[in-house]
file target-v3.pdb (PDB, C-alpha atoms, pLDDT in the B column)
ATOM      1  CA  MET P   1      57.917 133.841 124.535  1.00 50.00           C
ATOM      2  CA  ASN P   2      58.105 137.476 123.454  1.00 53.00           C
ATOM      3  CA  LYS P   3      59.115 138.049 119.860  1.00 54.00           C
ATOM      4  CA  MET P   4      61.967 140.399 119.100  1.00 52.00           C
ATOM      5  CA  PRO P   5      60.651 143.686 117.645  1.00 55.00           C
ATOM      6  CA  ASN P   6      61.118 144.121 113.897  1.00 58.00           C
ATOM      7  CA  TYR P   7      63.274 147.236 114.287  1.00 49.00           C
ATOM      8  CA  LEU P   8      65.720 145.298 116.529  1.00 49.00           C
ATOM      9  CA  ILE P   9      65.938 142.512 113.953  1.00 50.00           C
ATOM     10  CA  LYS P  10      66.720 145.088 111.252  1.00 49.00           C
ATOM     11  CA  ILE P  11      69.391 146.727 113.426  1.00 53.00           C
ATOM     12  CA  LEU P  12      71.010 143.337 114.118  1.00 49.00           C
ATOM     13  CA  LEU P  13      70.959 142.403 110.434  1.00 56.00           C
ATOM     14  CA  LEU P  14      72.529 145.747 109.529  1.00 50.00           C
ATOM     15  CA  PHE P  15      75.194 145.266 112.204  1.00 47.00           C
ATOM     16  CA  PHE P  16      76.155 141.801 110.934  1.00 46.00           C
ATOM     17  CA  LEU P  17      76.140 143.032 107.310  1.00 49.00           C
ATOM     18  CA  ILE P  18      78.558 145.851 108.179  1.00 45.00           C
ATOM     19  CA  LEU P  19      80.687 143.455 110.242  1.00 41.00           C
ATOM     20  CA  PHE P  20      80.963 140.887 107.430  1.00 43.00           C
ATOM     21  CA  GLN P  21      81.753 143.624 104.884  1.00 46.00           C
ATOM     22  CA  ALA P  22      84.514 144.964 107.145  1.00 43.00           C
ATOM     23  CA  ILE P  23      85.964 141.442 107.529  1.00 43.00           C
ATOM     24  CA  ASP P  24      85.794 140.909 103.764  1.00 45.00           C
ATOM     25  CA  ILE P  25      87.514 144.256 103.016  1.00 46.00           C
ATOM     26  CA  LYS P  26      90.223 143.469 105.568  1.00 47.00           C
ATOM     27  CA  ALA P  27      90.799 140.063 103.967  1.00 45.00           C
ATOM     28  CA  GLN P  28      90.959 141.630 100.503  1.00 54.00           C
ATOM     29  CA  ASN P  29      93.450 144.239 101.751  1.00 63.00           C
ATOM     30  CA  GLU P  30      95.651 141.531 103.244  1.00 69.00           C
ATOM     31  CA  ILE P  31      95.584 139.602  99.964  1.00 73.00           C
ATOM     32  CA  ALA P  32      96.426 142.772  98.012  1.00 74.00           C
ATOM     33  CA  GLN P  33      99.343 143.500 100.377  1.00 78.00           C
ATOM     34  CA  LYS P  34     100.657 139.982  99.843  1.00 82.00           C
ATOM     35  CA  GLY P  35     100.459 140.543  96.079  1.00 81.00           C
ATOM     36  CA  ASP P  36     102.331 143.838  96.433  1.00 83.00           C
ATOM     37  CA  SER P  37     105.058 142.125  98.476  1.00 86.00           C
ATOM     38  CA  LEU P  38     105.505 139.491  95.778  1.00 86.00           C
ATOM     39  CA  PHE P  39     105.509 142.207  93.115  1.00 85.00           C
ATOM     40  CA  SER P  40     108.223 144.161  94.979  1.00 85.00           C
ATOM     41  CA  ALA P  41     110.243 140.935  95.286  1.00 88.00           C
ATOM     42  CA  LYS P  42     109.896 140.488  91.483  1.00 86.00           C
ATOM     43  CA  GLN P  43     108.012 137.231  91.943  1.00 89.00           C
ATOM     44  CA  TYR P  44     105.757 138.313  89.131  1.00 88.00           C
ATOM     45  CA  SER P  45     103.927 135.092  88.255  1.00 90.00           C
ATOM     46  CA  GLU P  46     102.861 134.597  91.890  1.00 91.00           C
ATOM     47  CA  ALA P  47     101.873 138.257  92.214  1.00 89.00           C
ATOM     48  CA  ALA P  48      99.774 137.982  89.043  1.00 90.00           C
ATOM     49  CA  LYS P  49      97.800 135.043  90.477  1.00 89.00           C
ATOM     50  CA  ILE P  50      96.921 137.108  93.552  1.00 89.00           C
ATOM     51  CA  TYR P  51      96.090 140.257  91.588  1.00 88.00           C
ATOM     52  CA  GLU P  52      93.773 138.297  89.289  1.00 88.00           C
ATOM     53  CA  LEU P  53      92.116 136.734  92.347  1.00 86.00           C
ATOM     54  CA  ILE P  54      91.029 140.174  93.596  1.00 84.00           C
ATOM     55  CA  PHE P  55      90.493 141.709  90.155  1.00 83.00           C
ATOM     56  CA  ALA P  56      86.683 141.465  90.339  1.00 77.00           C
ATOM     57  CA  ASP P  57      86.586 143.214  93.726  1.00 76.00           C
ATOM     58  CA  LYS P  58      85.141 146.718  93.260  1.00 73.00           C
ATOM     59  CA  SER P  59      86.969 148.137  96.275  1.00 72.00           C
ATOM     60  CA  VAL P  60      90.475 147.673  94.819  1.00 77.00           C
ATOM     61  CA  ASN P  61      92.248 150.365  92.811  1.00 81.00           C
ATOM     62  CA  LYS P  62      91.588 149.120  89.270  1.00 86.00           C
ATOM     63  CA  GLU P  63      93.966 151.612  87.640  1.00 88.00           C
ATOM     64  CA  ASN P  64      96.864 150.362  89.765  1.00 89.00           C
ATOM     65  CA  LEU P  65      95.921 146.720  89.350  1.00 90.00           C
ATOM     66  CA  ASN P  66      95.638 146.919  85.555  1.00 93.00           C
ATOM     67  CA  LEU P  67      99.008 148.682  85.255  1.00 92.00           C
ATOM     68  CA  LYS P  68     100.749 146.136  87.483  1.00 91.00           C
ATOM     69  CA  LEU P  69      99.249 143.178  85.606  1.00 94.00           C
ATOM     70  CA  ALA P  70     100.173 144.772  82.257  1.00 94.00           C
ATOM     71  CA  PHE P  71     103.749 145.266  83.511  1.00 93.00           C
ATOM     72  CA  ILE P  72     103.950 141.667  84.760  1.00 93.00           C
ATOM     73  CA  TYR P  73     102.677 140.094  81.551  1.00 94.00           C
ATOM     74  CA  GLU P  74     104.878 142.313  79.383  1.00 93.00           C
ATOM     75  CA  ASN P  75     107.882 141.057  81.375  1.00 92.00           C
ATOM     76  CA  MET P  76     106.628 137.503  80.845  1.00 93.00           C
ATOM     77  CA  ALA P  77     106.258 138.201  77.090  1.00 94.00           C
ATOM     78  CA  ASP P  78     102.525 137.389  77.310  1.00 95.00           C
ATOM     79  CA  TYR P  79     101.505 140.223  75.013  1.00 96.00           C
ATOM     80  CA  PRO P  80      97.784 139.381  74.560  1.00 96.00           C
ATOM     81  CA  ARG P  81      97.284 139.679  78.329  1.00 95.00           C
ATOM     82  CA  THR P  82      99.480 142.784  78.398  1.00 95.00           C
ATOM     83  CA  LEU P  83      97.198 144.441  75.844  1.00 96.00           C
ATOM     84  CA  TYR P  84      94.100 143.294  77.713  1.00 96.00           C
ATOM     85  CA  TYR P  85      95.138 144.991  80.964  1.00 95.00           C
ATOM     86  CA  LEU P  86      96.454 148.068  79.177  1.00 94.00           C
ATOM     87  CA  SER P  87      93.102 148.325  77.381  1.00 92.00           C
ATOM     88  CA  ASN P  88      91.272 148.099  80.718  1.00 91.00           C
ATOM     89  CA  TYR P  89      93.509 150.845  82.084  1.00 91.00           C
ATOM     90  CA  TYR P  90      92.948 152.966  78.986  1.00 89.00           C
ATOM     91  CA  ASN P  91      89.159 152.741  79.428  1.00 83.00           C
ATOM     92  CA  LEU P  92      89.549 153.962  83.013  1.00 85.00           C
ATOM     93  CA  LYS P  93      92.089 156.664  82.164  1.00 84.00           C
ATOM     94  CA  PRO P  94      92.319 157.380  78.417  1.00 80.00           C
ATOM     95  CA  SER P  95      95.509 158.972  77.128  1.00 82.00           C
ATOM     96  CA  ASP P  96      97.495 159.165  73.908  1.00 83.00           C
ATOM     97  CA  GLU P  97     100.547 157.670  75.644  1.00 89.00           C
ATOM     98  CA  VAL P  98      98.712 154.458  76.590  1.00 89.00           C
ATOM     99  CA  PHE P  99      97.124 154.247  73.125  1.00 87.00           C
ATOM    100  CA  GLU P 100     100.571 154.548  71.493  1.00 89.00           C
ATOM    101  CA  LYS P 101     101.999 151.915  73.864  1.00 92.00           C
ATOM    102  CA  MET P 102      99.265 149.444  72.898  1.00 92.00           C
ATOM    103  CA  ASN P 103      99.710 150.251  69.227  1.00 91.00           C
ATOM    104  CA  LYS P 104     103.497 149.671  69.480  1.00 93.00           C
ATOM    105  CA  ILE P 105     103.086 146.250  71.151  1.00 94.00           C
ATOM    106  CA  ALA P 106     100.437 145.302  68.585  1.00 94.00           C
ATOM    107  CA  LEU P 107     102.653 146.297  65.638  1.00 93.00           C
ATOM    108  CA  GLU P 108     105.636 144.376  67.016  1.00 94.00           C
ATOM    109  CA  ASN P 109     103.496 141.241  67.409  1.00 95.00           C
ATOM    110  CA  LYS P 110     101.369 141.723  64.268  1.00 93.00           C
ATOM    111  CA  PHE P 111      98.129 142.011  66.232  1.00 94.00           C
ATOM    112  CA  MET P 112      95.267 143.784  64.485  1.00 90.00           C
ATOM    113  CA  GLY P 113      92.609 146.148  65.844  1.00 87.00           C
ATOM    114  CA  PHE P 114      94.825 148.600  67.746  1.00 84.00           C
ATOM    115  CA  GLU P 115      95.718 150.890  64.854  1.00 76.00           C
ATOM    116  CA  ARG P 116      94.480 154.462  64.544  1.00 70.00           C
ATOM    117  CA  ASN P 117      91.776 153.821  61.974  1.00 64.00           C
ATOM    118  CA  ASP P 118      88.650 155.966  61.766  1.00 55.00           C
ATOM    119  CA  VAL P 119      86.568 153.749  64.087  1.00 65.00           C
ATOM    120  CA  ASN P 120      89.278 153.415  66.755  1.00 63.00           C
ATOM    121  CA  PHE P 121      90.096 157.115  66.589  1.00 64.00           C
ATOM    122  CA  ILE P 122      86.448 158.163  67.017  1.00 67.00           C
ATOM    123  CA  LEU P 123      85.968 155.692  69.877  1.00 66.00           C
ATOM    124  CA  MET P 124      89.186 156.908  71.517  1.00 63.00           C
ATOM    125  CA  LEU P 125      87.993 160.520  71.405  1.00 66.00           C
ATOM    126  CA  TYR P 126      84.562 159.457  72.630  1.00 68.00           C
ATOM    127  CA  GLN P 127      86.032 157.574  75.623  1.00 63.00           C
ATOM    128  CA  GLN P 128      88.493 160.344  76.433  1.00 64.00           C
ATOM    129  CA  TYR P 129      86.012 163.231  76.260  1.00 72.00           C
ATOM    130  CA  PHE P 130      82.723 161.428  76.989  1.00 72.00           C
ATOM    131  CA  VAL P 131      81.763 163.552  80.032  1.00 75.00           C
ATOM    132  CA  ILE P 132      82.595 166.842  78.270  1.00 80.00           C
ATOM    133  CA  ILE P 133      80.692 165.812  75.112  1.00 78.00           C
ATOM    134  CA  LEU P 134      77.697 164.664  77.178  1.00 79.00           C
ATOM    135  CA  TYR P 135      77.488 167.884  79.233  1.00 82.00           C
ATOM    136  CA  LEU P 136      77.933 169.987  76.103  1.00 84.00           C
ATOM    137  CA  LEU P 137      75.094 168.216  74.273  1.00 81.00           C
ATOM    138  CA  ILE P 138      72.810 168.353  77.327  1.00 83.00           C
ATOM    139  CA  SER P 139      73.528 172.095  77.665  1.00 86.00           C
ATOM    140  CA  ILE P 140      72.668 172.651  73.996  1.00 84.00           C
ATOM    141  CA  GLY P 141      69.452 170.664  74.461  1.00 82.00           C
ATOM    142  CA  VAL P 142      68.456 172.704  77.517  1.00 85.00           C
ATOM    143  CA  ILE P 143      69.098 175.971  75.630  1.00 86.00           C
ATOM    144  CA  ILE P 144      66.987 174.815  72.668  1.00 82.00           C
ATOM    145  CA  LEU P 145      64.151 173.726  74.963  1.00 83.00           C
ATOM    146  CA  PHE P 146      64.315 177.074  76.755  1.00 85.00           C
ATOM    147  CA  ILE P 147      64.048 178.900  73.394  1.00 84.00           C
ATOM    148  CA  PHE P 148      61.020 176.777  72.444  1.00 82.00           C
ATOM    149  CA  TYR P 149      59.445 177.497  75.833  1.00 82.00           C
ATOM    150  CA  ARG P 150      59.964 181.255  75.424  1.00 84.00           C
ATOM    151  CA  LYS P 151      58.445 181.141  71.961  1.00 81.00           C
ATOM    152  CA  LYS P 152      55.414 179.291  73.275  1.00 81.00           C
ATOM    153  CA  GLN P 153      55.031 181.826  76.094  1.00 84.00           C
ATOM    154  CA  ALA P 154      55.141 184.629  73.518  1.00 83.00           C
ATOM    155  CA  ASN P 155      52.657 182.763  71.267  1.00 84.00           C
ATOM    156  CA  VAL P 156      55.266 182.559  68.501  1.00 80.00           C
ATOM    157  CA  ARG P 157      54.727 179.654  66.100  1.00 82.00           C
ATOM    158  CA  ILE P 158      57.543 177.061  66.159  1.00 78.00           C
ATOM    159  CA  ASN P 159      58.657 175.945  62.706  1.00 81.00           C
ATOM    160  CA  LYS P 160      58.085 172.217  62.074  1.00 81.00           C
ATOM    161  CA  LYS P 161      61.585 171.982  60.635  1.00 82.00           C
ATOM    162  CA  HIS P 162      62.994 173.121  63.976  1.00 78.00           C
ATOM    163  CA  LEU P 163      60.914 170.498  65.795  1.00 80.00           C
ATOM    164  CA  TRP P 164      62.309 167.792  63.490  1.00 86.00           C
ATOM    165  CA  ILE P 165      65.854 169.002  64.168  1.00 82.00           C
ATOM    166  CA  MET P 166      65.177 168.943  67.918  1.00 81.00           C
ATOM    167  CA  GLY P 167      63.811 165.391  67.659  1.00 83.00           C
ATOM    168  CA  LEU P 168      66.889 164.267  65.700  1.00 85.00           C
ATOM    169  CA  PHE P 169      69.131 165.937  68.279  1.00 82.00           C
ATOM    170  CA  LEU P 170      67.422 164.024  71.124  1.00 82.00           C
ATOM    171  CA  VAL P 171      67.801 160.719  69.242  1.00 82.00           C
ATOM    172  CA  ILE P 172      71.536 161.384  68.733  1.00 79.00           C
ATOM    173  CA  LEU P 173      71.884 162.278  72.423  1.00 78.00           C
ATOM    174  CA  LEU P 174      70.185 159.023  73.488  1.00 78.00           C
ATOM    175  CA  VAL P 175      72.417 157.000  71.142  1.00 74.00           C
ATOM    176  CA  LEU P 176      75.579 158.629  72.521  1.00 72.00           C
ATOM    177  CA  ILE P 177      74.477 158.016  76.118  1.00 70.00           C
ATOM    178  CA  ASN P 178      73.787 154.343  75.384  1.00 67.00           C
ATOM    179  CA  VAL P 179      76.916 153.607  73.321  1.00 62.00           C
ATOM    180  CA  PRO P 180      78.871 152.344  76.376  1.00 57.00           C
ATOM    181  CA  ASN P 181      76.107 149.779  77.040  1.00 57.00           C
ATOM    182  CA  SER P 182      75.906 148.457  73.469  1.00 62.00           C
ATOM    183  CA  TYR P 183      79.545 148.728  72.386  1.00 76.00           C
ATOM    184  CA  LYS P 184      82.433 146.739  73.844  1.00 82.00           C
ATOM    185  CA  SER P 185      85.904 145.712  72.764  1.00 86.00           C
ATOM    186  CA  ALA P 186      87.512 142.326  73.273  1.00 92.00           C
ATOM    187  CA  ILE P 187      90.895 140.685  72.828  1.00 95.00           C
ATOM    188  CA  VAL P 188      91.053 137.169  71.424  1.00 95.00           C
ATOM    189  CA  ASN P 189      92.582 134.795  73.996  1.00 93.00           C
ATOM    190  CA  GLN P 190      92.939 131.830  71.629  1.00 90.00           C
ATOM    191  CA  LYS P 191      92.226 131.075  67.989  1.00 91.00           C
ATOM    192  CA  ALA P 192      88.581 132.127  67.589  1.00 93.00           C
ATOM    193  CA  TYR P 193      86.289 130.875  64.853  1.00 94.00           C
ATOM    194  CA  LEU P 194      83.767 133.245  63.322  1.00 94.00           C
ATOM    195  CA  ARG P 195      80.298 132.067  62.386  1.00 94.00           C
ATOM    196  CA  GLY P 196      77.564 133.642  60.301  1.00 91.00           C
ATOM    197  CA  LEU P 197      74.910 132.826  62.910  1.00 92.00           C
ATOM    198  CA  PRO P 198      74.965 132.678  66.742  1.00 92.00           C
ATOM    199  CA  SER P 199      75.211 128.889  66.883  1.00 91.00           C
ATOM    200  CA  GLY P 200      77.939 126.285  67.281  1.00 88.00           C
ATOM    201  CA  GLY P 201      76.372 124.425  64.362  1.00 90.00           C
ATOM    202  CA  ALA P 202      76.581 127.409  61.995  1.00 92.00           C
ATOM    203  CA  PRO P 203      79.210 127.279  59.225  1.00 92.00           C
ATOM    204  CA  ILE P 204      82.607 128.809  60.035  1.00 93.00           C
ATOM    205  CA  THR P 205      83.122 131.979  58.020  1.00 92.00           C
ATOM    206  CA  GLY P 206      86.608 132.866  59.239  1.00 91.00           C
ATOM    207  CA  GLN P 207      88.989 132.913  62.167  1.00 92.00           C
ATOM    208  CA  ILE P 208      90.898 135.427  64.279  1.00 93.00           C
ATOM    209  CA  SER P 209      94.247 134.708  65.924  1.00 94.00           C
ATOM    210  CA  GLU P 210      95.136 135.232  69.577  1.00 95.00           C
ATOM    211  CA  GLY P 211      95.992 138.803  70.556  1.00 94.00           C
ATOM    212  CA  ASN P 212      93.836 140.552  67.966  1.00 94.00           C
ATOM    213  CA  LYS P 213      91.306 143.118  69.126  1.00 93.00           C
ATOM    214  CA  ILE P 214      87.707 143.077  67.926  1.00 91.00           C
ATOM    215  CA  ASN P 215      84.744 145.381  68.480  1.00 87.00           C
ATOM    216  CA  ILE P 216      81.551 143.898  69.903  1.00 88.00           C
ATOM    217  CA  PHE P 217      78.124 145.276  68.970  1.00 84.00           C
ATOM    218  CA  GLY P 218      75.750 143.038  70.896  1.00 85.00           C
ATOM    219  CA  GLN P 219      75.331 139.566  72.337  1.00 87.00           C
ATOM    220  CA  GLN P 220      73.045 136.557  71.943  1.00 88.00           C
ATOM    221  CA  ASP P 221      73.542 133.987  74.700  1.00 90.00           C
ATOM    222  CA  ILE P 222      77.251 133.030  74.547  1.00 93.00           C
ATOM    223  CA  TRP P 223      77.709 134.576  71.085  1.00 95.00           C
ATOM    224  CA  LEU P 224      79.153 138.040  70.604  1.00 94.00           C
ATOM    225  CA  ARG P 225      78.280 140.027  67.469  1.00 92.00           C
ATOM    226  CA  THR P 226      81.242 141.589  65.688  1.00 92.00           C
ATOM    227  CA  LEU P 227      82.045 143.126  62.310  1.00 85.00           C
ATOM    228  CA  HIS P 228      84.787 141.317  60.402  1.00 83.00           C
ATOM    229  CA  ASN P 229      85.747 142.104  56.794  1.00 81.00           C
ATOM    230  CA  ASN P 230      82.612 144.285  56.577  1.00 81.00           C
ATOM    231  CA  LYS P 231      80.390 141.312  57.492  1.00 88.00           C
ATOM    232  CA  VAL P 232      78.451 140.655  60.697  1.00 91.00           C
ATOM    233  CA  SER P 233      79.905 137.581  62.400  1.00 93.00           C
ATOM    234  CA  PHE P 234      79.576 135.836  65.751  1.00 95.00           C
ATOM    235  CA  VAL P 235      82.318 134.658  68.095  1.00 95.00           C
ATOM    236  CA  ASN P 236      82.079 132.554  71.264  1.00 94.00           C
ATOM    237  CA  LYS P 237      82.571 134.737  74.354  1.00 94.00           C
ATOM    238  CA  ASN P 238      84.858 132.075  75.882  1.00 94.00           C
ATOM    239  CA  ASP P 239      87.374 132.745  73.089  1.00 95.00           C
ATOM    240  CA  VAL P 240      87.855 136.400  74.061  1.00 95.00           C
ATOM    241  CA  TRP P 241      88.534 138.658  77.035  1.00 94.00           C
ATOM    242  CA  LEU P 242      85.951 141.424  77.197  1.00 92.00           C
ATOM    243  CA  ILE P 243      87.609 144.749  77.939  1.00 89.00           C
ATOM    244  CA  GLN P 244      85.962 146.468  80.890  1.00 82.00           C
ATOM    245  CA  ASN P 245      84.131 149.736  80.233  1.00 67.00           C
TER
END
call {"tool": "encode", "arguments": {"input": "target-v3.pdb", "output": "structure tokens"}}
result
Amino acid sequence: MNKMPNYLIKILLLFFLILFQAIDIKAQNEIAQKGDSLFSAKQYSEAAKIYELIFADKSVNKENLNLKLAFIYENMADYPRTLYYLSNYYNLKPSDEVFEKMNKIALENKFMGFERNDVNFILMLYQQYFVIILYLLISIGVIILFIFYRKKQANVRINKKHLWIMGLFLVILLVLINVPNSYKSAIVNQKAYLRGLPSGGAPITGQISEGNKINIFGQQDIWLRTLHNNKVSFVNKNDVWLIQN
């Protein structure tokens, strides 16, 4: 029996992959349309179940989905979930209006972490103008490197102080680029206990109520590192909703 050539096998595999993806996208679209119909009919709780079912799908419009889920849960007076989806939307499309909306809901419900303190304000500006800041810093770096190159070509000695400044600049640039990977925010979905060490057996050092927002600065297994009352603490990731970057 003649074996099928490798290139034919690859073509067939590619064909079936494309076919299954098309079927999956069609199914997701049909589910989304059903959710939209329920939303239009003001059957919000049923629409929310469908929207959350497709929430992880990368092909759906996340901006739309987050806004609809935020609207639904605000109508249902589920304000922690409202803030979670508004926060997701804000990360996709930062604006002062959305920030003020979240802050208003938080104030009315006595949730902490949404106020315009120094950390939140800096992070808001960073999220809103990240691309501009990044391109600006890269442009400055390229100009500095070009100046160094010209000096070397002209056999002009480069001051060590300037080299140190350039090194510091590169470190700052790397830190800024990697902030989105190391920093996250989360909203507490139930009463969360804080521990001094990343272990369920570690002593409880405090607690945070549902609806409060915390900043996350790393993770060890199921334990998220946060800063609470100027102390490093750990919270179980199952007790929070991580806001999507």
call {"tool": "resolve_selection", "arguments": {"input": "target-v3.pdb", "expression": "the PyMOL selection byres ((chain P and resi 236) around 8)", "output": "mmCIF file with C-alpha atoms, keeping the file's coordinate frame"}}
result
data_model
loop_
_atom_site.group_PDB
_atom_site.id
_atom_site.type_symbol
_atom_site.label_atom_id
_atom_site.label_comp_id
_atom_site.auth_asym_id
_atom_site.auth_seq_id
_atom_site.Cartn_x
_atom_site.Cartn_y
_atom_site.Cartn_z
ATOM 1 C CA ALA P 192 88.581 132.127 67.589
ATOM 2 C CA TYR P 193 86.289 130.875 64.853
ATOM 3 C CA ILE P 222 77.251 133.030 74.547
ATOM 4 C CA TRP P 223 77.709 134.576 71.085
ATOM 5 C CA LEU P 224 79.153 138.040 70.604
ATOM 6 C CA PHE P 234 79.576 135.836 65.751
ATOM 7 C CA VAL P 235 82.318 134.658 68.095
ATOM 8 C CA LYS P 237 82.571 134.737 74.354
ATOM 9 C CA ASN P 238 84.858 132.075 75.882
ATOM 10 C CA ASP P 239 87.374 132.745 73.089
ATOM 11 C CA VAL P 240 87.855 136.400 74.061
#
call {"tool": "resolve_selection", "arguments": {"input": "target-v3.pdb", "expression": "the PyMOL selection byres ((chain P and resi 211) around 8)", "output": "JSON, numbers by chain"}}
result
{"P": [79, 80, 81, 83, 111, 112, 187, 188, 189, 190, 209, 210, 212, 213]}
call {"tool": "resolve_selection", "arguments": {"input": "target-v3.pdb", "expression": "the PyMOL selection byres ((chain P and resi 85) around 8)", "output": "ChimeraX atom specification"}}
result
/P:66-67,69-70,81-84,86-89
call {"tool": "closest_residue", "arguments": {"input": "target-v3.pdb", "among": "P:Glu52, P:Glu63, P:Asp57, P:Glu100", "to": "Phe114 (chain P)", "atoms": "only C-alpha atoms"}}
result
P:Glu100
call {"tool": "atom_distance", "arguments": {"input": "target-v3.pdb", "atom1": "CA of Lys184 (chain P)", "atom2": "CA of Leu242 (chain P)"}}
result
7.2 Å
call {"tool": "residues_around", "arguments": {"input": "target-v3.pdb", "residues": "region 33-42 of chain P", "least_positions_apart": "6", "cutoff": "12 Å", "atoms": "only C-alpha atoms", "output": "list in words"}}
result
Lys26, Ala27, Ala48, Lys49, Ile50, Tyr51, Glu52, Leu53, Ile54, Phe55, Val60, Asn64, Leu65, Lys68, Leu69, Phe71, Ile72, Asn75 and Met76 of chain P
call {"tool": "write_last_selection", "arguments": {"input": "target-v3.pdb", "atoms": "C-alpha atoms", "output": "short mmCIF file (atom, residue, chain, number, x, y, z; two decimals), in the frame of the given file"}}
result
data_model
loop_
_atom_site.label_atom_id
_atom_site.label_comp_id
_atom_site.auth_asym_id
_atom_site.auth_seq_id
_atom_site.Cartn_x
_atom_site.Cartn_y
_atom_site.Cartn_z
CA LYS P 26 90.22 143.47 105.57
CA ALA P 27 90.80 140.06 103.97
CA ALA P 48 99.77 137.98 89.04
CA LYS P 49 97.80 135.04 90.48
CA ILE P 50 96.92 137.11 93.55
CA TYR P 51 96.09 140.26 91.59
CA GLU P 52 93.77 138.30 89.29
CA LEU P 53 92.12 136.73 92.35
CA ILE P 54 91.03 140.17 93.60
CA PHE P 55 90.49 141.71 90.16
CA VAL P 60 90.48 147.67 94.82
CA ASN P 64 96.86 150.36 89.76
CA LEU P 65 95.92 146.72 89.35
CA LYS P 68 100.75 146.14 87.48
CA LEU P 69 99.25 143.18 85.61
CA PHE P 71 103.75 145.27 83.51
CA ILE P 72 103.95 141.67 84.76
CA ASN P 75 107.88 141.06 81.38
CA MET P 76 106.63 137.50 80.84
#
call {"tool": "atom_distance", "arguments": {"input": "target-v3.pdb", "atom1": "CA of Tyr135 (chain P)", "atom2": "CA of Ser95 (chain P)"}}
result
20.2 Å
call {"tool": "closest_residue", "arguments": {"input": "target-v3.pdb", "among": "P:Val98, P:Ala154, P:Asn91, P:Ala106", "to": "Tyr129 (chain P)", "atoms": "all atoms listed in the file"}}
result
P:Asn91
call {"tool": "atom_distance", "arguments": {"input": "target-v3.pdb", "atom1": "CA of Leu107 (chain P)", "atom2": "CA of Lys191 (chain P)"}}
result
18.6 Å
call {"tool": "closest_residue", "arguments": {"input": "target-v3.pdb", "among": "P:Gln219, P:Ser139, P:Ser45, P:Thr205", "to": "Glu74 (chain P)", "atoms": "only C-alpha atoms"}}
result
P:Ser45
call {"tool": "closest_residue", "arguments": {"input": "target-v3.pdb", "among": "P:Ile216, P:Ile208, P:Ile138, P:Leu92", "to": "Leu170 (chain P)", "atoms": "all atoms listed in the file"}}
result
P:Ile138
call {"tool": "axis_aligned_box", "arguments": {"input": "target-v3.pdb", "around": "region 75-94 of chain P", "padding_each_side": "5 Å", "output": "AutoDock Vina command-line options"}}
result
--center_x 98.5 --center_y 147.4 --center_z 78.8 --size_x 28.7 --size_y 30.0 --size_z 18.5
call {"tool": "closest_residue", "arguments": {"input": "target-v3.pdb", "among": "P:Gly201, P:Trp241, P:Arg195, P:Val142", "to": "Thr226 (chain P)", "atoms": "all atoms listed in the file"}}
result
P:Arg195
